[in-house]
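Participant: Sharing target.cif (mmCIF, C-alpha atoms) below.
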```cif
data_target
#
loop_
_atom_site.group_PDB
_atom_site.id
_atom_site.type_symbol
_atom_site.label_atom_id
_atom_site.label_comp_id
_atom_site.auth_asym_id
_atom_site.auth_seq_id
_atom_site.Cartn_x
_atom_site.Cartn_y
_atom_site.Cartn_z
ATOM 1 C CA MET A 1 21.287 4.693 10.499
ATOM 2 C CA LYS A 2 22.506 5.514 13.989
ATOM 3 C CA THR A 3 23.844 2.430 15.771
ATOM 4 C CA ALA A 4 21.124 2.340 18.457
ATOM 5 C CA ILE A 5 18.396 2.448 15.822
ATOM 6 C CA ARG A 6 20.211 -0.033 13.572
ATOM 7 C CA ARG A 7 20.280 -2.537 16.430
ATOM 8 C CA GLN A 8 16.491 -2.356 16.519
ATOM 9 C CA MET A 9 15.675 -2.508 12.815
ATOM 10 C CA THR A 10 17.104 -3.993 9.634
ATOM 11 C CA ILE A 11 14.781 -2.146 7.303
ATOM 12 C CA HIS A 12 15.633 1.417 6.340
ATOM 13 C CA PRO A 13 12.976 3.831 7.726
ATOM 14 C CA GLU A 14 12.381 5.436 4.329
ATOM 15 C CA VAL A 15 11.836 2.007 2.762
ATOM 16 C CA MET A 16 9.475 1.176 5.617
ATOM 17 C CA ASP A 17 7.455 4.298 4.766
ATOM 18 C CA VAL A 18 7.072 3.443 1.068
ATOM 19 C CA LEU A 19 6.289 -0.189 1.899
ATOM 20 C CA ASN A 20 3.533 0.969 4.237
ATOM 21 C CA GLU A 21 2.117 2.981 1.323
ATOM 22 C CA GLN A 22 2.384 -0.179 -0.775
ATOM 23 C CA ILE A 23 0.357 -2.136 1.797
ATOM 24 C CA ALA A 24 -2.400 0.476 1.510
ATOM 25 C CA LEU A 25 -2.335 0.188 -2.275
ATOM 26 C CA GLU A 26 -2.493 -3.630 -2.221
ATOM 27 C CA MET A 27 -5.364 -3.597 0.273
ATOM 28 C CA HIS A 28 -7.217 -1.030 -1.813
ATOM 29 C CA ALA A 29 -6.674 -3.207 -4.889
ATOM 30 C CA SER A 30 -8.070 -6.164 -2.933
ATOM 31 C CA ALA A 31 -11.201 -4.204 -1.996
ATOM 32 C CA SER A 32 -11.555 -2.987 -5.544
ATOM 33 C CA TYR A 33 -11.357 -6.551 -6.927
ATOM 34 C CA LEU A 34 -14.003 -7.567 -4.434
ATOM 35 C CA ALA A 35 -16.340 -4.934 -5.898
ATOM 36 C CA MET A 36 -15.601 -6.282 -9.388
ATOM 37 C CA ALA A 37 -16.261 -9.854 -8.206
ATOM 38 C CA SER A 38 -19.590 -8.799 -6.754
ATOM 39 C CA TRP A 39 -20.631 -7.135 -10.024
ATOM 40 C CA CYS A 40 -19.835 -10.354 -11.911
ATOM 41 C CA ASP A 41 -21.416 -12.557 -9.241
ATOM 42 C CA GLN A 42 -24.719 -10.679 -9.477
ATOM 43 C CA ARG A 43 -24.753 -11.230 -13.243
ATOM 44 C CA GLU A 44 -23.838 -14.923 -13.060
ATOM 45 C CA LEU A 45 -20.572 -14.398 -14.924
ATOM 46 C CA LEU A 46 -19.091 -17.448 -13.253
ATOM 47 C CA ASN A 47 -15.532 -17.443 -14.556
ATOM 48 C CA SER A 48 -15.069 -13.726 -14.094
ATOM 49 C CA LYS A 49 -16.471 -13.778 -10.590
ATOM 50 C CA ALA A 50 -14.095 -16.608 -9.645
ATOM 51 C CA PHE A 51 -11.222 -14.677 -11.233
ATOM 52 C CA PHE A 52 -11.907 -11.492 -9.293
ATOM 53 C CA TYR A 53 -12.555 -13.232 -5.968
ATOM 54 C CA LYS A 54 -9.184 -14.926 -6.441
ATOM 55 C CA GLN A 55 -7.519 -11.642 -7.389
ATOM 56 C CA SER A 56 -8.961 -10.017 -4.280
ATOM 57 C CA GLU A 57 -7.481 -12.776 -2.108
ATOM 58 C CA GLU A 58 -4.130 -12.503 -3.868
ATOM 59 C CA GLU A 59 -3.851 -8.756 -3.403
ATOM 60 C CA ARG A 60 -4.596 -9.161 0.284
ATOM 61 C CA GLU A 61 -1.921 -11.865 0.496
ATOM 62 C CA HIS A 62 0.557 -9.482 -1.154
ATOM 63 C CA GLY A 63 -0.305 -6.793 1.370
ATOM 64 C CA MET A 64 0.118 -9.226 4.242
ATOM 65 C CA ARG A 65 3.432 -10.420 2.864
ATOM 66 C CA ILE A 66 4.756 -6.856 3.019
ATOM 67 C CA PHE A 67 3.086 -6.293 6.387
ATOM 68 C CA ASN A 68 4.895 -9.271 7.921
ATOM 69 C CA PHE A 69 8.179 -8.332 6.281
ATOM 70 C CA ILE A 70 8.152 -4.845 7.819
ATOM 71 C CA ASN A 71 7.463 -6.162 11.309
ATOM 72 C CA ASP A 72 9.986 -8.997 10.933
ATOM 73 C CA ALA A 73 12.602 -6.437 9.932
ATOM 74 C CA GLY A 74 12.023 -4.446 13.117
ATOM 75 C CA GLY A 75 9.804 -1.765 11.588
ATOM 76 C CA ALA A 76 6.198 -0.822 12.256
ATOM 77 C CA ALA A 77 3.631 -2.065 9.747
ATOM 78 C CA ILE A 78 0.558 0.144 9.571
ATOM 79 C CA SER A 79 -2.940 -1.224 9.048
ATOM 80 C CA PRO A 80 -4.198 1.040 6.263
ATOM 81 C CA ALA A 81 -7.390 3.016 5.827
ATOM 82 C CA ILE A 82 -9.155 1.935 2.648
ATOM 83 C CA PRO A 83 -10.441 4.860 0.603
ATOM 84 C CA GLU A 84 -13.750 4.633 -1.193
ATOM 85 C CA VAL A 85 -14.078 1.767 -3.669
ATOM 86 C CA ASN A 86 -15.940 2.070 -6.964
ATOM 87 C CA ASN A 87 -18.814 -0.417 -7.194
ATOM 88 C CA ASP A 88 -20.320 1.065 -10.312
ATOM 89 C CA PHE A 89 -19.317 -0.435 -13.667
ATOM 90 C CA GLU A 90 -20.664 -0.228 -17.209
ATOM 91 C CA SER A 91 -19.507 -3.498 -18.682
ATOM 92 C CA LEU A 92 -17.349 -6.573 -18.154
ATOM 93 C CA ARG A 93 -14.758 -5.254 -20.540
ATOM 94 C CA GLU A 94 -14.561 -2.002 -18.569
ATOM 95 C CA ILE A 95 -13.933 -4.035 -15.418
ATOM 96 C CA TYR A 96 -10.998 -5.865 -16.996
ATOM 97 C CA GLU A 97 -9.622 -2.605 -18.351
ATOM 98 C CA LYS A 98 -9.834 -1.046 -14.903
ATOM 99 C CA SER A 99 -8.196 -4.144 -13.538
ATOM 100 C CA LEU A 100 -5.254 -3.697 -15.935
ATOM 101 C CA ASP A 101 -4.926 -0.026 -14.960
ATOM 102 C CA GLN A 102 -4.895 -1.052 -11.329
ATOM 103 C CA GLU A 103 -2.186 -3.657 -11.925
ATOM 104 C CA ILE A 104 -0.086 -1.085 -13.765
ATOM 105 C CA GLN A 105 -0.456 1.304 -10.841
ATOM 106 C CA VAL A 106 0.648 -1.437 -8.430
ATOM 107 C CA THR A 107 3.627 -2.261 -10.671
ATOM 108 C CA GLN A 108 4.732 1.372 -10.778
ATOM 109 C CA SER A 109 4.457 1.583 -7.028
ATOM 110 C CA ILE A 110 6.522 -1.596 -6.571
ATOM 111 C CA TYR A 111 9.181 -0.051 -8.813
ATOM 112 C CA LYS A 112 9.154 3.024 -6.585
ATOM 113 C CA CYS A 113 9.746 0.847 -3.505
ATOM 114 C CA PHE A 114 12.474 -1.048 -5.319
ATOM 115 C CA SER A 115 14.229 2.180 -6.350
ATOM 116 C CA LYS A 116 14.022 3.499 -2.809
ATOM 117 C CA ALA A 117 15.516 0.292 -1.381
ATOM 118 C CA ARG A 118 18.305 0.480 -3.934
ATOM 119 C CA SER A 119 19.020 4.162 -3.353
ATOM 120 C CA VAL A 120 19.479 3.688 0.406
ATOM 121 C CA ASN A 121 21.367 0.374 0.063
ATOM 122 C CA ASP A 122 18.665 -1.631 1.821
ATOM 123 C CA TYR A 123 19.645 -4.935 0.212
ATOM 124 C CA ALA A 124 17.278 -7.152 2.212
ATOM 125 C CA SER A 125 14.269 -5.117 1.100
ATOM 126 C CA GLU A 126 15.510 -5.055 -2.479
ATOM 127 C CA VAL A 127 15.761 -8.850 -2.564
ATOM 128 C CA PHE A 128 12.353 -9.135 -0.890
ATOM 129 C CA LEU A 129 10.828 -6.889 -3.553
ATOM 130 C CA GLN A 130 12.226 -8.900 -6.460
ATOM 131 C CA TRP A 131 9.449 -11.444 -6.013
ATOM 132 C CA PHE A 132 6.877 -8.660 -6.436
ATOM 133 C CA VAL A 133 8.558 -7.348 -9.596
ATOM 134 C CA ASN A 134 8.230 -10.788 -11.234
ATOM 135 C CA GLU A 135 4.728 -11.300 -9.893
ATOM 136 C CA GLN A 136 3.553 -8.031 -11.445
ATOM 137 C CA VAL A 137 4.797 -9.084 -14.888
ATOM 138 C CA GLU A 138 2.571 -12.173 -14.588
ATOM 139 C CA GLU A 139 -0.399 -10.227 -13.249
ATOM 140 C CA GLU A 140 -0.313 -7.702 -16.074
ATOM 141 C CA ASP A 141 0.123 -10.431 -18.683
ATOM 142 C CA THR A 142 -2.929 -12.340 -17.408
ATOM 143 C CA VAL A 143 -5.216 -9.327 -17.731
ATOM 144 C CA ARG A 144 -3.795 -8.342 -21.128
ATOM 145 C CA SER A 145 -4.501 -11.867 -22.421
ATOM 146 C CA ILE A 146 -8.092 -11.578 -21.198
ATOM 147 C CA LEU A 147 -8.516 -8.279 -23.018
ATOM 148 C CA ASP A 148 -7.229 -10.011 -26.163
ATOM 149 C CA VAL A 149 -10.071 -12.543 -25.812
ATOM 150 C CA PHE A 150 -12.535 -9.637 -25.710
ATOM 151 C CA ASP A 151 -11.053 -8.284 -28.961
ATOM 152 C CA LEU A 152 -11.221 -11.703 -30.635
ATOM 153 C CA MET A 153 -14.797 -12.357 -29.546
ATOM 154 C CA GLU A 154 -16.163 -8.886 -30.167
ATOM 155 C CA GLY A 155 -19.924 -8.972 -30.711
ATOM 156 C CA MET A 156 -20.422 -12.376 -29.062
ATOM 157 C CA PRO A 157 -22.826 -12.729 -26.092
ATOM 158 C CA LEU A 158 -21.285 -11.778 -22.753
ATOM 159 C CA LYS A 159 -21.961 -15.181 -21.212
ATOM 160 C CA MET A 160 -20.099 -16.885 -24.064
ATOM 161 C CA ILE A 161 -17.105 -14.602 -23.626
ATOM 162 C CA ASP A 162 -17.110 -15.242 -19.888
ATOM 163 C CA GLU A 163 -16.975 -18.999 -20.502
ATOM 164 C CA ARG A 164 -13.716 -18.524 -22.444
ATOM 165 C CA LEU A 165 -12.032 -16.549 -19.657
ATOM 166 C CA PRO A 166 -9.710 -18.020 -17.011
ATOM 167 C CA LYS A 167 -10.951 -18.455 -13.452
ATOM 168 C CA GLU A 168 -7.601 -17.495 -11.970
ATOM 169 C CA MET B 169 12.201 13.402 30.568
ATOM 170 C CA MET B 170 10.095 10.859 28.697
ATOM 171 C CA LYS B 171 11.214 7.308 28.099
ATOM 172 C CA LEU B 172 10.116 5.691 24.864
ATOM 173 C CA THR B 173 10.428 2.093 23.779
ATOM 174 C CA PHE B 174 11.463 1.512 20.165
ATOM 175 C CA PRO B 175 7.932 0.754 18.876
ATOM 176 C CA GLN B 176 6.746 3.908 20.644
ATOM 177 C CA LEU B 177 9.510 5.870 18.931
ATOM 178 C CA LEU B 178 8.428 4.486 15.535
ATOM 179 C CA GLN B 179 4.856 5.459 16.333
ATOM 180 C CA LEU B 180 5.946 8.975 17.286
ATOM 181 C CA ARG B 181 7.954 9.275 14.062
ATOM 182 C CA LYS B 182 4.875 8.307 12.070
ATOM 183 C CA LYS B 183 2.624 10.806 13.855
ATOM 184 C CA VAL B 184 5.124 13.645 13.569
ATOM 185 C CA ASN B 185 5.739 12.938 9.872
ATOM 186 C CA GLU B 186 2.001 13.004 9.219
ATOM 187 C CA LEU B 187 1.507 16.232 11.162
ATOM 188 C CA THR B 188 4.347 17.996 9.371
ATOM 189 C CA SER B 189 3.194 17.339 5.829
ATOM 190 C CA PRO B 190 2.596 20.725 4.088
ATOM 191 C CA LEU B 191 -1.167 20.153 4.023
ATOM 192 C CA GLN B 192 -1.379 19.231 7.692
ATOM 193 C CA LEU B 193 0.852 22.118 8.742
ATOM 194 C CA GLN B 194 -1.392 24.513 6.859
ATOM 195 C CA HIS B 195 -4.390 22.965 8.574
ATOM 196 C CA ILE B 196 -2.795 23.451 12.009
ATOM 197 C CA ILE B 197 -1.874 27.064 11.213
ATOM 198 C CA ASP B 198 -5.404 27.791 9.976
ATOM 199 C CA ASN B 199 -6.910 26.430 13.180
ATOM 200 C CA ASP B 200 -5.363 26.467 16.669
ATOM 201 C CA ASN B 201 -1.715 26.818 15.709
ATOM 202 C CA TYR B 202 -0.783 23.955 18.022
ATOM 203 C CA VAL B 203 -1.333 20.206 18.320
ATOM 204 C CA LEU B 204 -1.967 17.910 21.236
ATOM 205 C CA LEU B 205 -0.161 14.659 20.776
ATOM 206 C CA PHE B 206 -0.414 11.406 22.674
ATOM 207 C CA ILE B 207 2.979 9.815 23.144
ATOM 208 C CA ALA B 208 4.233 6.481 24.528
ATOM 209 C CA ASP B 209 1.044 4.446 24.133
ATOM 210 C CA LYS B 210 -1.032 7.388 25.391
ATOM 211 C CA GLU B 211 0.943 7.660 28.612
ATOM 212 C CA HIS B 212 1.743 11.308 27.919
ATOM 213 C CA LEU B 213 -0.158 14.092 26.253
ATOM 214 C CA VAL B 214 2.076 16.840 24.917
ATOM 215 C CA PHE B 215 1.310 20.339 23.708
ATOM 216 C CA LEU B 216 3.309 21.276 20.626
ATOM 217 C CA GLU B 217 3.406 24.568 18.779
ATOM 218 C CA ILE B 218 4.586 24.588 15.186
ATOM 219 C CA PRO B 219 8.266 25.451 15.901
ATOM 220 C CA THR B 220 8.486 22.743 18.575
ATOM 221 C CA LEU B 221 6.791 20.262 16.286
ATOM 222 C CA LEU B 222 9.290 20.994 13.520
ATOM 223 C CA GLU B 223 12.188 20.725 15.950
ATOM 224 C CA LEU B 224 10.891 17.363 17.108
ATOM 225 C CA LYS B 225 10.616 16.200 13.502
ATOM 226 C CA GLU B 226 14.221 17.177 12.883
ATOM 227 C CA GLU B 227 15.455 15.419 15.978
ATOM 228 C CA ILE B 228 13.621 12.225 15.095
ATOM 229 C CA SER B 229 14.869 12.386 11.503
ATOM 230 C CA TYR B 230 18.378 12.776 12.835
ATOM 231 C CA CYS B 231 17.982 9.642 14.976
ATOM 232 C CA PHE B 232 16.953 7.670 11.906
ATOM 233 C CA SER B 233 19.553 9.118 9.555
ATOM 234 C CA PHE B 234 22.910 7.690 8.574
#
```
Spit out the file's structure as structure tokens when you get a sec.
Facilitator:
Amino acid sequence: MKTAIRRQMTIHPEVMDVLNEQIALEMHASASYLAMASWCDQRELLNSKAFFYKQSEEEREHGMRIFNFINDAGGAAISPAIPEVNNDFESLREIYEKSLDQEIQVTQSIYKCFSKARSVNDYASEVFLQWFVNEQVEEEDTVRSILDVFDLMEGMPLKMIDERLPKE
Amino acid sequence: MMKLTFPQLLQLRKKVNELTSPLQLQHIIDNDNYVLLFIADKEHLVFLEIPTLLELKEEISYCFSF
């Protein structure tokens, strides 16, 4: 970066751009989890509703973490527009499958940010993103384990399956 | 001559990058062939035709390059 610009910001502008896209993705994921929570809440699926409300909060926290990082590093964090969220689901299993797809999409996007930070030698951003890389491994594992419960309890009443699922 | 603070420069970079995406450029060409752009916290309103817009994008990119 040119010296005058470097004195103003630590973060590389290209990394700032991909991180702003990441904020939008995290906030969209948060809104999407909220829709899933509402679906479960209306059907009294208590554990699943608690799980998705929590997930919604977590995704927002992730977005805010990146938001603060960009501004702290001298960049400009952008409050994102949230595109339309799907509120229409067929089954609880479908919701968890969609949730896994969403987590995979977030993981891929984090990898993209990580690669960008590495390619432009933005070490501070790379270190910052390491936490997200580990977090995504956990997130994906949680949802995969839940889908395993669905496989094991195939044919059982929905309420009974829900009672075996984690709340967070 | 227009003076910009650093946050205003970042804001301008964002706007110019958005306006010069292939889709947006096509949209501008299909319509008026120019854009009106607020700069420096809406202190200035500038008229930019496509070549000027692209020049501005290049200059800003240069500022932010290594």
Participant: Given a cut-off of 8 Å, which residues of chain B touch chain A, counting all atoms listed in the file, written out as a list in words?
Facilitator: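 Therefore, the residues near the partner are Phe174, Pro175, Leu178, Gln179, Cys231, Phe232, Ser233 and Phe234 of chain B.
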Participant: Since we have the selection now, will you write its residues out, keeping C-alpha atoms, as a PDB file, in the coordinates of the input?
Facilitator:
```pdb
ATOM      1  CA  PHE B 174      11.463   1.512  20.165  1.00  0.00           C
ATOM      2  CA  PRO B 175       7.932   0.754  18.876  1.00  0.00           C
ATOM      3  CA  LEU B 178       8.428   4.486  15.535  1.00  0.00           C
ATOM      4  CA  GLN B 179       4.856   5.459  16.333  1.00  0.00           C
ATOM      5  CA  CYS B 231      17.982   9.642  14.976  1.00  0.00           C
ATOM      6  CA  PHE B 232      16.953   7.670  11.906  1.00  0.00           C
ATOM      7  CA  SER B 233      19.553   9.118   9.555  1.00  0.00           C
ATOM      8  CA  PHE B 234      22.910   7.690   8.574  1.00  0.00           C
TER       9      PHE B 234
END
```
Participant: Dump as a compact mmCIF listing (two decimals) with C-alpha atoms, in the coordinates of the input all residues having an atom at most 12 Å from (-9.0, -5.2, 1.1), computed in the file's coordinates with all atoms listed in the file.
Facilitator:
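Result written to selection.txt:
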```
# COMPACT_ATOMS: atom_id res chain seq x y z
CA ILE A 23 0.36 -2.14 1.80
CA ALA A 24 -2.40 0.48 1.51
CA LEU A 25 -2.34 0.19 -2.28
CA GLU A 26 -2.49 -3.63 -2.22
CA MET A 27 -5.36 -3.60 0.27
CA HIS A 28 -7.22 -1.03 -1.81
CA ALA A 29 -6.67 -3.21 -4.89
CA SER A 30 -8.07 -6.16 -2.93
CA ALA A 31 -11.20 -4.20 -2.00
CA SER A 32 -11.56 -2.99 -5.54
CA TYR A 33 -11.36 -6.55 -6.93
CA LEU A 34 -14.00 -7.57 -4.43
CA ALA A 35 -16.34 -4.93 -5.90
CA TYR A 53 -12.56 -13.23 -5.97
CA GLN A 55 -7.52 -11.64 -7.39
CA SER A 56 -8.96 -10.02 -4.28
CA GLU A 57 -7.48 -12.78 -2.11
CA GLU A 58 -4.13 -12.50 -3.87
CA GLU A 59 -3.85 -8.76 -3.40
CA ARG A 60 -4.60 -9.16 0.28
CA GLU A 61 -1.92 -11.86 0.50
CA HIS A 62 0.56 -9.48 -1.15
CA GLY A 63 -0.30 -6.79 1.37
CA MET A 64 0.12 -9.23 4.24
CA SER A 79 -2.94 -1.22 9.05
CA PRO A 80 -4.20 1.04 6.26
CA ALA A 81 -7.39 3.02 5.83
CA ILE A 82 -9.15 1.94 2.65
CA PRO A 83 -10.44 4.86 0.60
CA GLU A 84 -13.75 4.63 -1.19
CA VAL A 85 -14.08 1.77 -3.67
```
Participant: Please list as a PDB file with C-alpha atoms, keeping the file's coordinate frame every residue within 10 Å of Asp162 of chain A, counting all atoms listed in the file and excluding residues in the same chain fewer than 3 positions away.
Facilitator:
```
ATOM      1  CA  CYS A  40     -19.835 -10.354 -11.911  1.00  0.00           C
ATOM      2  CA  GLU A  44     -23.838 -14.923 -13.060  1.00  0.00           C
ATOM      3  CA  LEU A  45     -20.572 -14.398 -14.924  1.00  0.00           C
ATOM      4  CA  LEU A  46     -19.091 -17.448 -13.253  1.00  0.00           C
ATOM      5  CA  ASN A  47     -15.532 -17.443 -14.556  1.00  0.00           C
ATOM      6  CA  SER A  48     -15.069 -13.726 -14.094  1.00  0.00           C
ATOM      7  CA  LYS A  49     -16.471 -13.778 -10.590  1.00  0.00           C
ATOM      8  CA  LEU A  92     -17.349  -6.573 -18.154  1.00  0.00           C
ATOM      9  CA  ILE A 146      -8.092 -11.578 -21.198  1.00  0.00           C
ATOM     10  CA  VAL A 149     -10.071 -12.543 -25.812  1.00  0.00           C
ATOM     11  CA  PHE A 150     -12.535  -9.637 -25.710  1.00  0.00           C
ATOM     12  CA  PRO A 157     -22.826 -12.729 -26.092  1.00  0.00           C
ATOM     13  CA  LEU A 158     -21.285 -11.778 -22.753  1.00  0.00           C
ATOM     14  CA  LYS A 159     -21.961 -15.181 -21.212  1.00  0.00           C
ATOM     15  CA  LEU A 165     -12.032 -16.549 -19.657  1.00  0.00           C
ATOM     16  CA  PRO A 166      -9.710 -18.020 -17.011  1.00  0.00           C
ATOM     17  CA  LYS A 167     -10.951 -18.455 -13.452  1.00  0.00           C
TER      18      LYS A 167
END
```
Participant: Given the file shown, determine the residues that the PyMOL selection byres ((chain B and resi 205) around 12) selects; report them as a PyMOL selection string.
Facilitator: chain B and resi 179-184+186-187+202-204+206-217+221+224
Participant: To one decimal place, how far is atom CA of Thr10 of chain A from atom CA of Ala73 of chain A in Å?
Facilitator: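 Separating atom CA of Thr10 of chain A from atom CA of Ala73 of chain A is a distance of 5.1 Å.
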Participant: Neighbouring residues of Trp131 of chain A were defined as those with any atom within 12 Å, considering all atoms listed in the file; residues of the same chain fewer than 4 positions away were excluded. Please report them as a JSON list (two decimals) with C-alpha atoms, keeping the file's coordinate frame.
Facilitator:
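Result saved to selection.json:
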```json
[["chain", "number", "residue", "atom", "x", "y", "z"],
["A", 62, "HIS", "CA", 0.56, -9.48, -1.15],
["A", 65, "ARG", "CA", 3.43, -10.42, 2.86],
["A", 66, "ILE", "CA", 4.76, -6.86, 3.02],
["A", 107, "THR", "CA", 3.63, -2.26, -10.67],
["A", 110, "ILE", "CA", 6.52, -1.60, -6.57],
["A", 111, "TYR", "CA", 9.18, -0.05, -8.81],
["A", 114, "PHE", "CA", 12.47, -1.05, -5.32],
["A", 125, "SER", "CA", 14.27, -5.12, 1.10],
["A", 126, "GLU", "CA", 15.51, -5.06, -2.48],
["A", 127, "VAL", "CA", 15.76, -8.85, -2.56],
["A", 135, "GLU", "CA", 4.73, -11.30, -9.89],
["A", 136, "GLN", "CA", 3.55, -8.03, -11.44],
["A", 137, "VAL", "CA", 4.80, -9.08, -14.89],
["A", 138, "GLU", "CA", 2.57, -12.17, -14.59]]
```
Participant: Atom CA of Phe69 of chain A and atom CA of Ser119 of chain A, how far apart in Å?
Facilitator: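 Computing it gives 19.1 Å between the two atoms.
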Participant: Separation of atom CA of Ala50 of chain A and atom CA of Met156 of chain A, in Å?
Facilitator: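 So the answer is 20.9 Å.
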Participant: Around all listed atoms of segment 119-123 of chain A, padded 6 Å per side, what centre and edge lengths does the axis-aligned box have in Å to one decimal, as JSON?
Facilitator:
```
{"center_x": 20.0, "center_y": -0.4, "center_z": -0.8, "size_x": 14.7, "size_y": 21.1, "size_z": 17.2}
```
